[in-house]
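Student: As input, take target20.csv (CSV, C-alpha atoms and all ligand atoms):
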chain,number,residue,atom,x,y,z
A,1,MET,CA,4.2,-18.6,-27.4
A,2,THR,CA,6.0,-16.3,-24.9
A,3,HIS,CA,4.4,-13.1,-23.7
A,4,HIS,CA,5.8,-10.5,-21.3
A,5,VAL,CA,4.5,-8.8,-18.2
A,6,ASN,CA,5.9,-5.6,-16.7
A,7,PHE,CA,6.1,-5.8,-12.9
A,8,LYS,CA,6.1,-2.1,-12.4
A,9,GLY,CA,9.2,-0.9,-10.4
A,10,GLU,CA,10.7,-4.4,-10.6
A,11,LYS,CA,11.3,-6.0,-14.0
A,12,VAL,CA,9.7,-7.1,-17.3
A,13,ILE,CA,9.6,-10.9,-17.3
A,14,PRO,CA,8.7,-13.5,-19.8
A,15,VAL,CA,5.6,-15.7,-19.3
A,16,GLU,CA,5.6,-19.0,-21.1
A,17,GLU,CA,2.5,-20.5,-22.6
A,18,GLY,CA,0.5,-22.3,-19.9
A,19,GLN,CA,2.5,-20.6,-17.1
A,20,THR,CA,0.7,-18.6,-14.5
A,21,MET,CA,1.9,-15.1,-13.8
A,22,LEU,CA,3.0,-16.3,-10.3
A,23,GLN,CA,5.0,-19.2,-11.7
A,24,ALA,CA,6.7,-16.8,-14.2
A,25,SER,CA,7.5,-14.2,-11.6
A,26,LEU,CA,9.0,-16.8,-9.2
A,27,ALA,CA,11.0,-18.2,-12.1
A,28,ALA,CA,12.3,-14.7,-12.8
A,29,GLY,CA,13.4,-14.3,-9.2
A,30,ILE,CA,10.7,-11.9,-8.0
A,31,PRO,CA,10.0,-12.6,-4.3
A,32,HIS,CA,6.2,-13.0,-5.0
A,33,TYR,CA,4.2,-13.9,-1.9
A,34,HIS,CA,2.2,-17.2,-2.4
A,35,ALA,CA,1.3,-18.4,1.0
A,36,CYS,CA,-1.1,-21.1,-0.2
A,37,GLY,CA,1.3,-22.4,-2.8
A,38,GLY,CA,-0.7,-21.0,-5.8
A,39,LYS,CA,-4.1,-22.7,-5.0
A,40,GLY,CA,-6.1,-19.5,-5.2
A,41,GLN,CA,-6.9,-19.5,-1.5
A,42,CYS,CA,-4.7,-17.0,0.4
A,43,THR,CA,-4.8,-14.0,-2.0
A,44,THR,CA,-1.2,-13.0,-1.0
A,45,CYS,CA,-0.2,-13.2,-4.7
A,46,ARG,CA,-2.7,-10.5,-5.7
A,47,VAL,CA,-1.7,-7.9,-8.2
A,48,LEU,CA,-3.1,-4.6,-9.3
A,49,VAL,CA,-3.5,-4.6,-13.1
A,50,LEU,CA,-2.3,-1.3,-14.4
A,51,GLU,CA,-2.5,-2.0,-18.1
A,52,GLY,CA,-3.7,-4.8,-20.4
A,53,GLN,CA,-6.4,-6.3,-18.2
A,54,GLU,CA,-8.0,-7.8,-21.3
A,55,LYS,CA,-4.8,-9.7,-22.1
A,56,LEU,CA,-5.2,-11.8,-19.0
A,57,THR,CA,-7.3,-15.1,-19.0
A,58,PRO,CA,-10.6,-14.7,-17.2
A,59,PRO,CA,-10.7,-15.5,-13.4
A,60,THR,CA,-10.9,-19.2,-12.6
A,61,SER,CA,-13.7,-20.4,-10.4
A,62,PHE,CA,-11.4,-20.3,-7.4
A,63,GLU,CA,-10.5,-16.7,-8.1
A,64,GLN,CA,-14.1,-15.7,-8.8
A,65,ALA,CA,-15.2,-17.1,-5.5
A,66,ILE,CA,-12.6,-15.4,-3.5
A,67,LYS,CA,-13.0,-12.1,-5.4
A,68,ARG,CA,-16.7,-12.2,-4.5
A,69,VAL,CA,-16.0,-12.7,-0.8
A,70,LYS,CA,-13.3,-10.1,-0.6
A,71,LYS,CA,-15.1,-7.6,-2.9
A,72,PHE,CA,-12.0,-7.2,-5.1
A,73,PRO,CA,-12.4,-4.7,-7.9
A,74,ASP,CA,-12.0,-6.0,-11.4
A,75,ASN,CA,-8.4,-4.8,-11.7
A,76,VAL,CA,-7.2,-6.8,-8.8
A,77,ARG,CA,-6.2,-10.3,-9.9
A,78,LEU,CA,-4.6,-13.4,-8.3
A,79,ALA,CA,-1.3,-14.0,-10.1
A,80,CYS,CA,-1.5,-17.7,-9.4
A,81,GLN,CA,-4.8,-17.9,-11.3
A,82,SER,CA,-3.9,-15.6,-14.3
A,83,ARG,CA,-2.2,-16.5,-17.5
A,84,LEU,CA,-1.4,-14.2,-20.4
A,85,ASN,CA,-2.8,-14.3,-23.9
A,86,GLY,CA,-1.1,-11.1,-25.3
A,87,GLU,CA,1.4,-8.4,-24.8
A,88,GLY,CA,1.0,-5.1,-23.0
A,89,VAL,CA,0.3,-6.3,-19.4
A,90,ALA,CA,1.6,-4.2,-16.5
A,91,VAL,CA,1.0,-5.1,-12.9
A,92,GLN,CA,2.0,-4.1,-9.5
A,93,ARG,CA,2.4,-6.5,-6.6
A,94,LEU,CA,0.2,-5.5,-3.7
A,95,VAL,CA,1.9,-7.6,-1.1
A,96,ARG,CA,5.6,-6.8,-1.1
A,97,ASP,CA,6.5,-7.2,2.5
A,98,GLU,CA,5.1,-8.2,5.9
A,99,VAL,CA,3.5,-4.8,6.6
A,100,ASP,CA,1.7,-5.1,3.2
A,101,ARG,CA,0.5,-8.5,4.2
A,102,ILE,CA,-0.9,-7.3,7.4
A,103,ILE,CA,-2.7,-4.3,5.7
A,104,PHE,CA,-4.0,-6.2,2.7
A,105,VAL,CA,-4.5,-9.8,3.9
A,106,ASP,CA,-4.6,-10.2,7.7
A,107,ASP,CA,-6.9,-7.3,8.5
A,108,PRO,CA,-10.2,-8.9,9.4
A,109,GLN,CA,-12.1,-5.8,8.3
A,110,GLU,CA,-10.2,-5.6,5.0
A,111,ASN,CA,-12.0,-3.9,2.2
A,112,ILE,CA,-9.4,-3.7,-0.5
A,113,THR,CA,-11.0,-0.8,-2.3
A,114,THR,CA,-10.7,1.5,0.6
A,115,VAL,CA,-7.3,0.1,1.7
A,116,MET,CA,-6.0,0.8,-1.8
A,117,GLY,CA,-7.6,4.2,-2.1
A,118,GLU,CA,-9.8,5.3,-4.9
A,119,SER,CA,-11.0,8.5,-6.6
A,120,ARG,CA,-14.7,9.2,-6.0
A,121,LYS,CA,-17.2,11.9,-6.6
A,122,LEU,CA,-18.9,12.6,-3.3
A,123,ALA,CA,-21.1,15.1,-1.6
A,124,LEU,CA,-19.1,16.7,1.3
A,125,PHE,CA,-21.0,17.8,4.4
A,126,PHE,CA,-19.7,20.0,7.3
A,127,ILE,CA,-21.7,21.0,10.3
A,128,ASP,CA,-20.8,23.0,13.4
A,129,ILE,CA,-22.7,24.0,16.5
A,130,ARG,CA,-22.8,27.8,16.8
A,131,ASP,CA,-21.8,29.4,20.1
A,132,PHE,CA,-21.3,26.3,22.0
A,133,THR,CA,-18.6,27.8,24.2
A,134,PRO,CA,-20.9,30.1,26.2
A,135,PHE,CA,-23.0,27.1,27.1
A,136,VAL,CA,-19.9,25.1,28.1
A,137,GLU,CA,-18.7,28.0,30.3
A,138,ARG,CA,-22.1,28.2,32.1
A,139,SER,CA,-22.9,24.5,32.5
A,140,LEU,CA,-21.9,21.5,34.6
A,141,PRO,CA,-19.5,19.1,32.8
A,142,PHE,CA,-22.2,16.4,32.9
A,143,ASP,CA,-24.7,18.7,31.1
A,144,VAL,CA,-22.1,19.7,28.5
A,145,ILE,CA,-21.3,16.1,27.5
A,146,HIS,CA,-25.0,15.1,27.8
A,147,ILE,CA,-26.2,17.9,25.5
A,148,MET,CA,-23.3,17.2,23.1
A,149,ARG,CA,-24.4,13.6,22.9
A,150,ARG,CA,-28.0,14.6,22.3
A,151,ILE,CA,-27.1,16.9,19.5
A,152,PHE,CA,-24.6,14.6,17.9
A,153,ALA,CA,-27.2,11.8,18.1
A,154,LEU,CA,-29.5,14.1,16.2
A,155,PHE,CA,-26.9,14.7,13.5
A,156,LYS,CA,-26.0,11.1,13.2
A,157,LYS,CA,-29.7,10.0,12.9
A,158,ALA,CA,-30.2,12.4,9.9
A,159,ILE,CA,-26.9,11.6,8.3
A,160,THR,CA,-27.4,7.8,8.5
A,161,GLN,CA,-31.0,8.0,7.4
A,162,TYR,CA,-29.8,9.5,4.2
A,163,ASP,CA,-27.0,7.0,3.8
A,164,GLY,CA,-24.2,9.4,4.8
A,165,GLU,CA,-21.0,8.4,6.5
A,166,ILE,CA,-19.5,10.4,9.3
A,167,ILE,CA,-15.8,10.8,8.6
A,168,ASP,CA,-14.6,12.8,11.5
A,169,THR,CA,-15.7,14.9,14.5
A,170,ALA,CA,-13.8,17.8,15.9
A,171,GLY,CA,-14.9,19.7,18.9
A,172,ASP,CA,-18.5,20.8,18.3
A,173,GLY,CA,-18.7,19.9,14.7
A,174,LEU,CA,-18.4,17.0,12.3
A,175,TYR,CA,-17.7,16.1,8.7
A,176,ALA,CA,-19.6,13.5,6.7
A,177,VAL,CA,-19.8,12.3,3.1
A,178,PHE,CA,-22.6,11.1,1.0
A,179,GLY,CA,-22.4,9.0,-2.2
A,180,LEU,CA,-20.2,6.1,-1.1
A,181,ASN,CA,-23.1,3.8,-2.3
A,182,SER,CA,-24.8,6.1,-4.8
A,183,ARG,CA,-24.2,8.4,-7.7
A,184,ILE,CA,-23.4,12.1,-7.2
A,185,LYS,CA,-26.9,13.4,-8.0
A,186,GLN,CA,-28.4,11.2,-5.3
A,187,ALA,CA,-25.5,12.1,-3.0
A,188,ALA,CA,-26.1,15.8,-3.3
A,189,ASN,CA,-29.8,15.3,-2.7
A,190,SER,CA,-29.2,13.1,0.3
A,191,ALA,CA,-26.7,15.6,1.9
A,192,THR,CA,-29.2,18.4,1.4
A,193,LEU,CA,-32.1,16.5,2.8
A,194,ALA,CA,-30.0,15.4,5.8
A,195,GLY,CA,-29.0,19.0,6.5
A,196,LEU,CA,-32.6,20.2,6.2
A,197,LYS,CA,-33.7,17.4,8.6
A,198,ILE,CA,-31.1,18.4,11.1
A,199,LEU,CA,-32.3,22.0,11.0
A,200,ALA,CA,-35.9,20.9,11.6
A,201,ASP,CA,-35.0,18.4,14.3
A,202,LEU,CA,-32.9,20.9,16.1
A,203,ARG,CA,-35.8,23.4,16.1
A,204,ILE,CA,-37.9,20.7,17.9
A,205,PHE,CA,-35.0,19.8,20.3
A,206,ASN,CA,-34.6,23.5,21.2
A,207,ASN,CA,-38.3,24.0,21.8
A,208,THR,CA,-39.0,20.8,23.7
A,209,TYR,CA,-35.8,20.2,25.6
A,210,MET,CA,-33.2,23.0,25.6
A,211,ARG,CA,-35.5,26.0,26.2
A,212,PRO,CA,-37.5,24.4,29.1
A,213,TYR,CA,-34.6,22.7,30.8
A,214,PHE,CA,-31.7,24.9,30.1
A,215,ASN,CA,-33.2,28.2,28.9
A,216,HIS,CA,-30.8,28.1,26.0
A,217,THR,CA,-31.1,27.2,22.3
A,218,PHE,CA,-28.6,26.1,19.7
A,219,GLU,CA,-28.1,26.9,16.1
A,220,VAL,CA,-25.8,25.2,13.6
A,221,GLY,CA,-24.0,26.1,10.4
A,222,ILE,CA,-24.0,23.6,7.5
A,223,GLY,CA,-21.8,23.6,4.4
A,224,VAL,CA,-22.3,21.3,1.4
A,225,HIS,CA,-20.2,20.9,-1.7
A,226,VAL,CA,-19.6,18.1,-4.3
A,227,GLY,CA,-16.4,17.0,-6.0
A,228,ARG,CA,-13.9,14.4,-6.8
A,229,VAL,CA,-11.9,13.3,-3.7
A,230,ILE,CA,-9.6,10.4,-2.7
A,231,VAL,CA,-11.2,7.9,-0.4
A,232,GLY,CA,-9.1,5.4,1.5
A,233,ASN,CA,-8.3,3.8,4.8
A,234,VAL,CA,-5.0,4.7,6.4
A,235,GLY,CA,-5.7,2.9,9.6
A,236,ILE,CA,-2.9,0.3,9.4
A,237,GLY,CA,-5.0,-1.9,11.6
A,238,LEU,CA,-5.4,0.7,14.3
A,239,SER,CA,-8.5,2.4,13.0
A,240,HIS,CA,-10.9,1.5,10.3
A,241,ASN,CA,-12.0,5.0,9.7
A,242,LEU,CA,-12.3,6.2,6.2
A,243,THR,CA,-10.2,9.1,5.2
A,244,VAL,CA,-11.5,11.5,2.5
A,245,MET,CA,-9.0,14.0,1.0
A,246,GLY,CA,-9.0,16.6,-1.7
A,247,PHE,CA,-9.6,20.3,-2.5
A,248,PRO,CA,-13.4,19.9,-2.5
A,249,VAL,CA,-13.2,19.0,1.2
A,250,ASN,CA,-11.6,22.3,1.9
A,251,VAL,CA,-14.3,24.1,-0.1
A,252,ALA,CA,-17.1,22.4,1.9
A,253,ALA,CA,-15.3,23.3,5.2
A,254,ARG,CA,-15.0,26.9,3.9
A,255,LEU,CA,-18.8,27.0,3.0
A,256,GLN,CA,-19.6,25.9,6.6
A,257,ALA,CA,-17.4,28.5,8.0
A,258,ALA,CA,-19.1,31.1,5.8
A,259,THR,CA,-22.5,30.5,7.3
A,260,LYS,CA,-21.6,33.0,9.9
A,261,GLU,CA,-20.5,35.8,7.6
A,262,LEU,CA,-23.4,35.2,5.2
A,263,ASN,CA,-25.8,35.0,8.2
A,264,ASN,CA,-27.5,31.8,7.0
A,265,SER,CA,-27.5,28.4,8.6
A,266,PHE,CA,-27.1,26.3,5.4
A,267,VAL,CA,-24.7,27.3,2.6
A,268,ILE,CA,-24.5,25.0,-0.5
A,269,SER,CA,-22.3,25.5,-3.5
A,270,ALA,CA,-24.1,26.3,-6.7
A,271,VAL,CA,-22.5,23.2,-8.3
A,272,ALA,CA,-24.2,21.0,-5.7
A,273,TYR,CA,-27.4,23.0,-5.8
A,274,ARG,CA,-27.8,22.4,-9.5
A,275,LEU,CA,-27.8,18.6,-8.9
A,276,LEU,CA,-30.9,18.8,-6.6
A,277,GLN,CA,-34.0,17.2,-7.8
A,278,ASN,CA,-36.4,19.5,-5.9
A,279,PRO,CA,-34.1,22.3,-4.8
A,280,PRO,CA,-35.2,24.2,-1.7
A,281,TYR,CA,-35.9,27.8,-2.1
A,282,ALA,CA,-32.7,29.8,-1.9
A,283,VAL,CA,-33.1,33.0,0.0
A,284,GLY,CA,-29.9,34.3,-1.5
A,285,CYS,CA,-27.0,33.8,-3.7
A,286,ASP,CA,-23.5,35.0,-3.0
A,287,TYR,CA,-19.9,34.6,-4.1
A,288,LEU,CA,-17.1,33.4,-1.8
A,289,THR,CA,-13.4,33.8,-2.4
A,290,LEU,CA,-11.2,30.9,-1.5
A,291,LYS,CA,-7.6,30.9,-0.8
A,292,GLY,CA,-5.6,29.9,-3.8
A,293,VAL,CA,-8.6,30.1,-6.2
A,294,SER,CA,-8.8,33.0,-8.6
A,295,THR,CA,-12.6,32.8,-9.4
A,296,PRO,CA,-15.1,33.3,-6.6
A,297,TYR,CA,-17.3,30.3,-5.7
A,298,GLU,CA,-21.0,30.8,-6.3
A,299,VAL,CA,-23.1,29.7,-3.3
A,300,LYS,CA,-26.8,29.4,-2.5
A,301,LEU,CA,-28.2,30.2,0.9
A,302,ILE,CA,-30.9,27.6,1.7
A,303,GLY,CA,-31.1,27.8,5.5
A,304,LYS,CA,-32.4,30.6,7.8
A,305,PRO,CA,-30.8,33.8,9.1
A,306,TYR,CA,-29.4,33.3,12.6
A,307,GLU,CA,-31.6,34.4,15.5
A,308,LYS,CA,-30.2,36.9,17.8
A,309,LYS,CA,-29.1,34.9,20.8
A,310,GLU,CA,-30.1,36.0,24.3
A,311,VAL,CA,-27.7,34.7,26.9
A,312,THR,CA,-29.8,34.2,30.0
A,313,ALA,CA,-29.1,32.8,33.4
A,314,LEU,CA,-29.5,29.0,33.8
A,315,PRO,CA,-32.2,27.7,36.2
A,316,GLU,CA,-30.9,27.5,39.7
A,317,THR,CA,-30.9,23.8,39.9
A,318,ILE,CA,-28.1,23.5,37.4
A,319,GLN,CA,-26.1,26.5,38.3
A,320,LYS,CA,-22.5,25.9,39.3
B,401,LIG,S1,-0.8,-17.9,-4.0
B,401,LIG,FE1,-2.4,-18.1,-2.7
B,401,LIG,S2,-4.0,-17.2,-3.8
B,401,LIG,FE2,-2.4,-17.1,-5.2
Take the structure from the file and write it as structure tokens.
Ligand code: FES
Tutor:
Amino acid sequence: MTHHVNFKGEKVIPVEEGQTMLQASLAAGIPHYHACGGKGQCTTCRVLVLEGQEKLTPPTSFEQAIKRVKKFPDNVRLACQSRLNGEGVAVQRLVRDEVDRIIFVDDPQENITTVMGESRKLALFFIDIRDFTPFVERSLPFDVIHIMRRIFALFKKAITQYDGEIIDTAGDGLYAVFGLNSRIKQAANSATLAGLKILADLRIFNNTYMRPYFNHTFEVGIGVHVGRVIVGNVGIGLSHNLTVMGFPVNVAARLQAATKELNNSFVISAVAYRLLQNPPYAVGCDYLTLKGVSTPYEVKLIGKPYEKKEVTALPETIQK
């Protein structure tokens, strides 16, 4: 019996009984990559199944083995190992030219899920050091970089302890996500615990290091929100950093920025707060207006009001 498969953006082709999808696409003149000759070893024939996944034969042992190693999601199949047992199958070739081959196959750190991009619910975490500029202006370059490294190490320790992933750093702040390996409830809890740990650790760092050696203390602003975002890797072999995009990211950044106007070091959206298992006491609740959003965002204030900063002279030994 003949079935048909729709190669999206290319053509609908017949697949004869016993024929693999790869054999059928080559017979129909589709320039389908098949570096290993259809032996289930190179993965260049891989396709993303858009519709009718259940109409394909189950993965062969070759395909199962390689899918395990490469961590392919269920909807990525090897065309050379797949036959059809019904109508309604639509696929998209993932390797259509040499650049695709480099991105999807040759990259040694390939993780097909992140290369392809996926929609995920994550907790989004922004943190920024308050008033770093006055310290920069009054300090030796060595001290500026050294203290930045100390503070960022403190951030990183807390974030990784709670299974977060730092996505980007910019100046005296950074952006992390939680939930790449967990569900959203756990992610919201982890992001909150990481933020609270940073506040506690920073207090210790101020008392035991900054105050005695630099006569200066630091404060931070933290914003946490949850939402559905797009996660992917746009590195094209140059960088393996994850990229996370979507409106919830802008909201989280806005909450972080609002820590100043709300005079509280930790601002969390009410949506994220409601996911917390043991929510910390919120000293206040407020509403923030966001650009392009008609209804204000309800937020909870779970940090501390900022201390009034005294700008004092640095000890003589480190004066410029
Ligand atoms: S052609 Fe090599 S795995 Fe299918």
Student: Kindly work out which residues sit at most 10 Å from ligand LIG 401 (chain B), using all atoms listed in the file, and give the list as a list in words.
Tutor: Thr20, Met21, Leu22, Gln23, His32, Tyr33, His34, Ala35, Cys36, Gly37, Gly38, Lys39, Gly40, Gln41, Cys42, Thr43, Thr44, Cys45, Arg46, Val47, Phe62, Glu63, Ile66, Arg77, Leu78, Ala79, Cys80, Gln81 and Ser82 of chain A
Student: Near Thr243 of chain A, counting all atoms listed in the file, which residues have an atom at most 8 Å away, once you skip same-chain residues fewer than 4 positions from it, shown as a ChimeraX atom specification?
Tutor: /A:167,231-234
Student: Using Å and a single decimal, report how far atom CA of Leu140 of chain A sits from atom CA of Gly221 of chain A.
Tutor: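 According to the coordinates, atom CA of Gly221 of chain A and atom CA of Leu140 of chain A are separated by 24.7 Å.
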Student: Find the spatial neighbours of His225 of chain A, counting all atoms listed in the file, within a cut-off of 6 Å - ignore same-chain residues fewer than 5 positions away - and output them as a PyMOL selection string.
Tutor: chain A and resi 123-124+252+269+272
Student: Name the residues in contact with segment 4-14 of chain A at a cut-off of 9 Å, using all atoms listed in the file, excluding same-chain residues fewer than 2 positions from it; report them as a CSV table (one decimal) with C-alpha atoms, in the frame of the given file.
Tutor:
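The new file part.csv reads:
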chain,number,residue,atom,x,y,z
A,2,THR,CA,6.0,-16.3,-24.9
A,16,GLU,CA,5.6,-19.0,-21.1
A,21,MET,CA,1.9,-15.1,-13.8
A,24,ALA,CA,6.7,-16.8,-14.2
A,25,SER,CA,7.5,-14.2,-11.6
A,28,ALA,CA,12.3,-14.7,-12.8
A,30,ILE,CA,10.7,-11.9,-8.0
A,50,LEU,CA,-2.3,-1.3,-14.4
A,84,LEU,CA,-1.4,-14.2,-20.4
A,86,GLY,CA,-1.1,-11.1,-25.3
A,87,GLU,CA,1.4,-8.4,-24.8
A,88,GLY,CA,1.0,-5.1,-23.0
A,89,VAL,CA,0.3,-6.3,-19.4
A,90,ALA,CA,1.6,-4.2,-16.5
A,91,VAL,CA,1.0,-5.1,-12.9
A,92,GLN,CA,2.0,-4.1,-9.5
A,93,ARG,CA,2.4,-6.5,-6.6
Student: Report, in Å with one decimal, the straight-line distance from atom CA of Gln277 of chain A to atom CA of Gln256 of chain A.
Tutor: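 Separating atom CA of Gln277 of chain A from atom CA of Gln256 of chain A is a distance of 22.1 Å.
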Student: Here is a test: counting all atoms listed in the file, which residue of A:Arg138, A:Phe126, A:Asp100, A:Thr217 is nearest to Val267 of chain A?
Tutor: A:Phe126
Student: What separation in Å, quoted to one decimal, exists between atom CA of Gly195 of chain A and atom CA of Leu180 of chain A?
Tutor: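 For atom CA of Gly195 of chain A relative to atom CA of Leu180 of chain A, the distance reads 17.4 Å.
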Student: Using all atoms listed in the file, which protein or nucleic acid residues come within 12 Å of Met210 of chain A? Drop anything in the same chain fewer than 6 positions from it, and give the result as a VMD selection string.
Tutor: chain A and resid 135 143 to 144 146 to 148 150 to 151 202 to 204 216 to 219 314 to 315
Student: Do you know which residues are at most 10 Å from Asp286 of chain A counting all atoms listed in the file, after dropping those on the same chain fewer than 2 positions away, and could you put them as a ChimeraX atom specification?
Tutor: /A:262,267,269-270,284,288,296-301
Student: So which one's closest to Asn215 of chain A, A:Gly246, A:Gly171, A:Asn263, A:Ser139? Using all atoms listed in the file, please.
Tutor: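 Smallest separation from Asn215 of chain A among the options: A:Ser139.
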Student: My list of candidates is A:Val99, A:Val69, A:Ile166, A:Leu199. Which is closest to Ile129 of chain A when distances are computed with all atoms listed in the file?
Tutor: A:Leu199
Student: Under the rule that all atoms listed in the file are counted, which of A:Gln53, A:Asn250, A:Asn278, A:Gln186 is the nearest residue to Val293 of chain A?
Tutor: A:Asn250
Student: Using all atoms listed in the file, which residue out of A:Leu48, A:Ala27, A:Val226, A:Leu275 lies closest to Asn75 of chain A?
Tutor: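 Answer, going by the shortest atom-to-atom distance: A:Leu48.
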Student: Nearest to Pro280 of chain A among A:Thr208, A:Thr192, A:Thr295, A:Asn264, with distances taken over only C-alpha atoms: which residue is it?
Tutor: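 Nearest candidate to Pro280 of chain A out of A:Thr208, A:Thr192, A:Thr295, A:Asn264: A:Thr192.
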Student: Using the incomplete input, complete segment 283-300 of chain A to the level of N, CA, C and O atoms; output as a JSON list (two decimals), keeping the file's coordinate frame.
Tutor:
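File written: result35.json
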[["chain", "number", "residue", "atom", "x", "y", "z"],
["A", 283, "VAL", "N", -32.77, 31.63, -0.33],
["A", 283, "VAL", "CA", -33.10, 33.00, 0.00],
["A", 283, "VAL", "C", -32.07, 33.99, -0.53],
["A", 283, "VAL", "O", -32.30, 35.18, -0.61],
["A", 284, "GLY", "N", -30.96, 33.46, -0.94],
["A", 284, "GLY", "CA", -29.90, 34.30, -1.50],
["A", 284, "GLY", "C", -28.89, 33.58, -2.24],
["A", 284, "GLY", "O", -28.83, 32.35, -2.21],
["A", 285, "CYS", "N", -28.07, 34.34, -2.93],
["A", 285, "CYS", "CA", -27.00, 33.80, -3.70],
["A", 285, "CYS", "C", -25.78, 34.69, -3.42],
["A", 285, "CYS", "O", -25.95, 35.90, -3.28],
["A", 286, "ASP", "N", -24.62, 34.12, -3.29],
["A", 286, "ASP", "CA", -23.50, 35.00, -3.00],
["A", 286, "ASP", "C", -22.23, 34.38, -3.64],
["A", 286, "ASP", "O", -22.29, 33.28, -4.23],
["A", 287, "TYR", "N", -21.13, 35.07, -3.52],
["A", 287, "TYR", "CA", -19.90, 34.60, -4.10],
["A", 287, "TYR", "C", -18.82, 34.61, -2.97],
["A", 287, "TYR", "O", -18.70, 35.60, -2.26],
["A", 288, "LEU", "N", -18.11, 33.51, -2.85],
["A", 288, "LEU", "CA", -17.10, 33.40, -1.80],
["A", 288, "LEU", "C", -15.72, 33.30, -2.47],
["A", 288, "LEU", "O", -15.57, 32.55, -3.43],
["A", 289, "THR", "N", -14.76, 34.00, -1.91],
["A", 289, "THR", "CA", -13.40, 33.80, -2.40],
["A", 289, "THR", "C", -12.70, 32.80, -1.56],
["A", 289, "THR", "O", -12.86, 32.78, -0.34],
["A", 290, "LEU", "N", -11.96, 31.92, -2.21],
["A", 290, "LEU", "CA", -11.20, 30.90, -1.50],
["A", 290, "LEU", "C", -9.76, 31.05, -1.72],
["A", 290, "LEU", "O", -9.34, 31.41, -2.81],
["A", 291, "LYS", "N", -9.01, 30.76, -0.68],
["A", 291, "LYS", "CA", -7.60, 30.90, -0.80],
["A", 291, "LYS", "C", -7.02, 30.02, -1.91],
["A", 291, "LYS", "O", -7.37, 28.83, -2.03],
["A", 292, "GLY", "N", -6.22, 30.61, -2.76],
["A", 292, "GLY", "CA", -5.60, 29.90, -3.80],
["A", 292, "GLY", "C", -6.49, 29.66, -5.06],
["A", 292, "GLY", "O", -6.12, 28.98, -6.00],
["A", 293, "VAL", "N", -7.71, 30.20, -5.03],
["A", 293, "VAL", "CA", -8.60, 30.10, -6.20],
["A", 293, "VAL", "C", -8.95, 31.45, -6.70],
["A", 293, "VAL", "O", -9.42, 32.31, -5.95],
["A", 294, "SER", "N", -8.68, 31.67, -8.02],
["A", 294, "SER", "CA", -8.80, 33.00, -8.60],
["A", 294, "SER", "C", -10.31, 33.41, -8.73],
["A", 294, "SER", "O", -10.70, 34.54, -8.44],
["A", 295, "THR", "N", -11.14, 32.47, -9.21],
["A", 295, "THR", "CA", -12.60, 32.80, -9.40],
["A", 295, "THR", "C", -13.38, 32.55, -8.16],
["A", 295, "THR", "O", -13.23, 31.49, -7.56],
["A", 296, "PRO", "N", -14.27, 33.50, -7.80],
["A", 296, "PRO", "CA", -15.10, 33.30, -6.60],
["A", 296, "PRO", "C", -16.06, 32.11, -6.80],
["A", 296, "PRO", "O", -16.49, 31.82, -7.92],
["A", 297, "TYR", "N", -16.40, 31.44, -5.71],
["A", 297, "TYR", "CA", -17.30, 30.30, -5.70],
["A", 297, "TYR", "C", -18.75, 30.84, -5.54],
["A", 297, "TYR", "O", -19.03, 31.54, -4.58],
["A", 298, "GLU", "N", -19.63, 30.43, -6.45],
["A", 298, "GLU", "CA", -21.00, 30.80, -6.30],
["A", 298, "GLU", "C", -21.69, 29.89, -5.27],
["A", 298, "GLU", "O", -21.54, 28.67, -5.35],
["A", 299, "VAL", "N", -22.40, 30.49, -4.33],
["A", 299, "VAL", "CA", -23.10, 29.70, -3.30],
["A", 299, "VAL", "C", -24.55, 30.08, -3.20],
["A", 299, "VAL", "O", -24.91, 31.21, -3.55],
["A", 300, "LYS", "N", -25.35, 29.16, -2.70],
["A", 300, "LYS", "CA", -26.80, 29.40, -2.50],
["A", 300, "LYS", "C", -27.03, 29.32, -0.96],
["A", 300, "LYS", "O", -26.47, 28.43, -0.31]]
